[in-house]
$ cat input06.cif   # mmCIF, C-alpha atoms
data_upload
#
loop_
_atom_site.label_atom_id
_atom_site.label_comp_id
_atom_site.auth_asym_id
_atom_site.auth_seq_id
_atom_site.Cartn_x
_atom_site.Cartn_y
_atom_site.Cartn_z
CA MET A 1 81.58 68.23 116.18
CA LYS A 2 80.37 71.73 115.52
CA THR A 3 77.93 72.25 112.69
CA LEU A 4 78.93 74.22 109.67
CA PRO A 5 77.24 77.54 108.91
CA ASN A 6 76.53 76.49 105.32
CA ASN A 7 74.18 73.49 105.31
CA ILE A 8 74.54 73.01 101.54
CA VAL A 9 78.08 71.66 101.92
CA LEU A 10 78.40 67.97 101.09
CA ARG A 11 82.13 67.78 101.92
CA PRO A 12 82.63 69.72 105.18
CA ARG A 13 86.00 71.43 105.70
CA PHE A 14 87.78 72.91 108.68
CA VAL A 15 91.11 74.55 109.59
CA LEU A 16 92.89 74.26 112.94
CA LYS A 17 95.81 76.49 113.98
CA LEU A 18 98.00 74.66 116.48
CA ASN A 19 101.08 75.59 118.51
CA LEU A 20 102.69 72.23 117.77
CA SER A 21 105.22 71.17 115.18
CA SER A 22 103.79 69.40 112.17
CA SER A 23 106.30 66.55 112.50
CA SER A 24 105.17 65.79 116.07
CA ILE A 25 101.54 65.60 114.97
CA LEU A 26 102.33 63.44 111.95
CA ASN A 27 104.44 61.09 114.06
CA GLU A 28 101.73 60.83 116.71
CA PHE A 29 99.13 59.82 114.09
CA GLU A 30 101.50 57.14 112.78
CA LYS A 31 101.95 55.71 116.30
CA THR A 32 98.30 55.90 117.39
CA ALA A 33 96.11 52.90 116.68
CA SER A 34 92.36 52.51 116.93
CA ASN A 35 90.01 49.55 116.80
CA HIS A 36 87.77 51.29 114.25
CA ILE A 37 90.03 53.69 112.36
CA THR A 38 93.02 53.27 110.05
CA CYS A 39 95.52 56.02 109.40
CA ASN A 40 97.52 56.24 106.17
CA ARG A 41 100.22 58.87 105.70
CA LEU A 42 101.58 60.33 102.48
CA ASP A 43 104.05 63.18 103.14
CA GLU A 44 102.03 65.86 104.99
CA HIS A 45 98.71 64.18 104.21
CA LEU A 46 96.85 61.84 106.53
CA PHE A 47 93.85 59.76 105.52
CA LEU A 48 91.70 58.57 108.40
CA LYS A 49 89.27 55.86 107.37
CA ILE A 50 86.86 53.50 109.06
CA LYS A 51 88.21 49.93 109.15
CA PRO A 52 86.65 47.53 106.59
CA ASN A 53 84.70 45.46 109.15
CA ASN A 54 82.75 48.61 110.24
CA ILE A 55 82.38 50.22 106.84
CA HIS A 56 79.08 50.79 104.99
CA PHE A 57 78.19 52.40 101.66
CA TRP A 58 78.16 55.93 103.10
CA SER A 59 81.20 55.63 105.38
CA PRO A 60 83.23 58.85 105.27
CA GLN A 61 86.94 59.44 105.40
CA LEU A 62 88.83 62.38 106.85
CA HIS A 63 91.68 63.86 104.83
CA LEU A 64 94.09 65.97 106.88
CA GLU A 65 96.85 68.13 105.46
CA ILE A 66 99.28 69.34 108.11
CA LEU A 67 101.41 72.30 107.02
CA SER A 68 104.08 74.05 109.07
CA THR A 69 103.62 77.79 109.54
CA SER A 70 106.75 78.09 111.71
CA LYS A 71 109.11 75.80 113.62
CA GLU A 72 106.63 75.28 116.47
CA SER A 73 103.25 75.90 114.88
CA CYS A 74 101.19 74.45 112.06
CA LYS A 75 97.81 74.49 110.37
CA VAL A 76 95.66 71.42 109.96
CA TYR A 77 93.37 71.49 106.93
CA GLY A 78 90.66 68.85 107.12
CA VAL A 79 88.00 67.72 104.70
CA PHE A 80 85.40 65.02 105.19
CA GLY A 81 84.35 63.11 102.14
CA PRO A 82 82.94 59.84 100.94
CA ASN A 83 84.99 56.96 99.64
CA PRO A 84 86.96 58.36 96.65
CA SER A 85 85.52 55.81 94.22
CA LEU A 86 81.97 56.68 95.34
CA TRP A 87 82.74 60.40 94.95
CA THR A 88 84.19 59.80 91.46
CA PHE A 89 81.09 57.83 90.48
CA PHE A 90 78.83 60.63 91.75
CA MET A 91 80.81 63.21 89.75
CA PHE A 92 80.66 61.01 86.64
CA ILE A 93 76.87 60.79 86.89
CA HIS A 94 76.62 64.59 87.34
CA PHE A 95 78.85 65.17 84.32
CA ALA A 96 76.91 62.68 82.17
CA LEU A 97 73.60 64.32 83.13
CA ALA A 98 74.97 67.79 82.32
CA ILE A 99 76.12 66.64 78.87
CA ALA A 100 72.78 64.90 78.22
CA ILE A 101 70.86 68.04 79.22
CA LEU A 102 72.94 70.11 76.81
CA VAL A 103 72.43 67.59 73.98
CA PHE A 104 68.65 67.50 74.52
CA ALA A 105 68.55 71.31 74.78
CA VAL A 106 70.33 71.73 71.42
CA TRP A 107 68.16 69.03 69.84
CA GLY A 108 65.02 70.64 71.26
CA TYR A 109 66.04 74.13 70.10
CA THR A 110 66.73 72.75 66.62
CA ASN A 111 63.29 71.13 66.47
CA TRP A 112 61.65 74.31 67.82
CA SER A 113 63.39 76.49 65.20
CA LEU A 114 62.35 74.05 62.44
CA HIS A 115 58.76 74.08 63.76
CA LYS A 116 58.87 70.36 64.57
CA PRO A 117 57.57 68.74 67.77
CA TYR A 118 59.98 69.12 70.71
CA PHE A 119 57.96 67.63 73.58
CA LEU A 120 60.30 64.62 73.89
CA GLN A 121 63.38 66.85 74.28
CA LEU A 122 61.68 69.21 76.72
CA SER A 123 60.33 66.39 78.89
CA SER A 124 63.77 64.70 78.85
CA ILE A 125 65.41 67.93 80.06
CA VAL A 126 62.87 68.25 82.87
CA PHE A 127 63.32 64.59 83.87
CA MET A 128 67.12 64.83 83.84
CA SER A 129 67.03 68.07 85.82
CA PHE A 130 64.83 66.38 88.40
CA THR A 131 67.30 63.46 88.50
CA TRP A 132 70.19 65.90 88.99
CA VAL A 133 68.46 67.55 91.96
CA SER A 134 67.58 64.10 93.34
CA LEU A 135 71.26 63.17 93.30
CA TYR A 136 72.00 66.16 95.52
CA PHE A 137 69.38 65.07 98.06
CA PHE A 138 70.63 61.49 97.81
CA GLY A 139 74.09 62.79 98.77
CA ARG A 140 72.62 64.72 101.70
CA ILE A 141 70.91 61.57 102.98
CA GLY A 142 74.23 59.74 102.69
CA LYS A 143 75.97 62.49 104.63
CA GLN A 144 73.42 62.10 107.44
CA LYS A 145 73.95 58.33 107.50
CA GLY A 146 77.70 58.88 107.74
CA GLN A 147 77.42 61.55 110.47
CA PRO A 148 78.13 59.20 113.43
CA GLN A 149 81.31 57.99 111.75
CA MET A 150 82.29 61.57 110.89
CA THR A 151 82.00 62.38 114.58
CA GLU A 152 84.08 59.30 115.41
CA LEU A 153 86.83 60.35 112.97
CA TYR A 154 86.83 63.94 114.26
CA THR A 155 86.99 62.78 117.89
CA PHE A 156 89.87 60.42 117.06
CA MET A 157 91.71 63.31 115.41
CA GLN A 158 91.19 65.58 118.43
CA GLN A 159 92.32 62.89 120.88
CA THR A 160 95.44 62.16 118.85
CA ILE A 161 96.36 65.85 118.62
CA ALA A 162 95.75 66.19 122.37
CA LYS A 163 98.33 63.43 123.00
CA CYS A 164 100.96 65.68 121.37
CA THR A 165 100.48 68.34 124.04
CA LEU A 166 101.12 65.94 126.92
#

$ encode --input "input06.cif" --output "structure tokens"
Amino acid sequence: MKTLPNNIVLRPRFVLKLNLSSSSILNEFEKTASNHITCNRLDEHLFLKIKPNNIHFWSPQLHLEILSTSKESCKVYGVFGPNPSLWTFFMFIHFALAIAILVFAVWGYTNWSLHKPYFLQLSSIVFMSFTWVSLYFFGRIGKQKGQPQMTELYTFMQQTIAKCTL
């Protein structure tokens, strides 16, 4: 799998332009089975996931959207991501930290303008900001742990698309 130019990305994306019909690709994914990967289809969307017996906390999934550009060509939009419930939890924590930082900032500004002590609010903002940055690095570590499975999903996708050309 080729590396992305932007190393900050936590959910890598790619686009493939193929000279194949979208229906042939979608049908091939439905027919193809793997020992380690499941494939779920919803209209033009495919969700490639690691089977439960090989899954770990950081196991990724590959979401493919296959859109026709003409009768015999299509574009495949792919995005790697964590388990949706894990991603939702991560976003909830980020949102909660952002709200808490704003609350402590307003509280601290109020105390500062009233000439009252504001060390507690300032230290809380610094601690929560550090926690927010730590979450980013925690996500990066998780992405590295899921890298072998990302490669496995991407290789499975390439092999399945290659079967359509035969």

$ residues_around --input "input06.cif" --residues "Gly78 (chain A)" --least-positions-apart "2" --cutoff "9 Å" --atoms "all atoms listed in the file" --output "number ranges by chain"
A: 12-16, 62-66, 76, 80

$ atom_distance --input "input06.cif" --atom1 "CA of Ala96 (chain A)" --atom2 "CA of Trp132 (chain A)"
10.1 Å

$ resolve_selection --input "input06.cif" --expression "the PyMOL selection byres ((chain A and resi 26-29) around 12)" --output "VMD selection string"
chain A and resid 20 to 25 30 to 34 37 to 48 64 to 68 74 76 156 to 166

$ resolve_selection --input "input06.cif" --expression "the PyMOL selection byres ((chain A and resi 131) around 12)" --output "ChimeraX atom specification"
/A:93-94,96-98,100-101,124-130,132-138

$ closest_residue --input "input06.cif" --among "A:Met91, A:Trp58, A:Pro52, A:His36" --to "Gln144 (chain A)" --atoms "all atoms listed in the file"
A:Trp58

$ atom_distance --input "input06.cif" --atom1 "CA of Glu152 (chain A)" --atom2 "CA of His56 (chain A)"
14.4 Å

$ build_atoms --input "input06.cif" --residues "region 105-120 of chain A" --atoms "N, CA and C atoms" --output "tab-separated table (two decimals), in the coordinates of the input"
chain	number	residue	atom	x	y	z
A	105	ALA	N	68.90	69.90	74.96
A	105	ALA	CA	68.55	71.31	74.78
A	105	ALA	C	68.85	71.76	73.34
A	106	VAL	N	69.99	71.37	72.81
A	106	VAL	CA	70.33	71.73	71.42
A	106	VAL	C	69.37	71.05	70.45
A	107	TRP	N	69.10	69.78	70.69
A	107	TRP	CA	68.16	69.03	69.84
A	107	TRP	C	66.77	69.66	69.90
A	108	GLY	N	66.32	70.01	71.11
A	108	GLY	CA	65.02	70.64	71.26
A	108	GLY	C	64.95	72.01	70.60
A	109	TYR	N	66.01	72.81	70.74
A	109	TYR	CA	66.04	74.13	70.10
A	109	TYR	C	66.01	73.99	68.58
A	110	THR	N	66.74	72.98	68.07
A	110	THR	CA	66.73	72.75	66.62
A	110	THR	C	65.33	72.39	66.15
A	111	ASN	N	64.66	71.50	66.85
A	111	ASN	CA	63.29	71.13	66.47
A	111	ASN	C	62.35	72.32	66.59
A	112	TRP	N	62.51	73.13	67.64
A	112	TRP	CA	61.65	74.31	67.82
A	112	TRP	C	61.85	75.29	66.67
A	113	SER	N	63.12	75.53	66.28
A	113	SER	CA	63.39	76.49	65.20
A	113	SER	C	62.93	75.96	63.84
A	114	LEU	N	62.85	74.64	63.69
A	114	LEU	CA	62.35	74.05	62.44
A	114	LEU	C	60.85	73.79	62.48
A	115	HIS	N	60.21	74.24	63.57
A	115	HIS	CA	58.76	74.08	63.76
A	115	HIS	C	58.36	72.61	63.75
A	116	LYS	N	59.17	71.78	64.40
A	116	LYS	CA	58.87	70.36	64.57
A	116	LYS	C	58.54	70.13	66.04
A	117	PRO	N	57.90	69.01	66.37
A	117	PRO	CA	57.57	68.74	67.77
A	117	PRO	C	58.85	68.61	68.62
A	118	TYR	N	58.81	69.16	69.82
A	118	TYR	CA	59.98	69.12	70.71
A	118	TYR	C	59.58	68.70	72.13
A	119	PHE	N	58.42	68.07	72.26
A	119	PHE	CA	57.96	67.63	73.58
A	119	PHE	C	58.91	66.60	74.19
A	120	LEU	N	59.40	65.65	73.40
A	120	LEU	CA	60.30	64.62	73.89
A	120	LEU	C	61.57	65.25	74.50
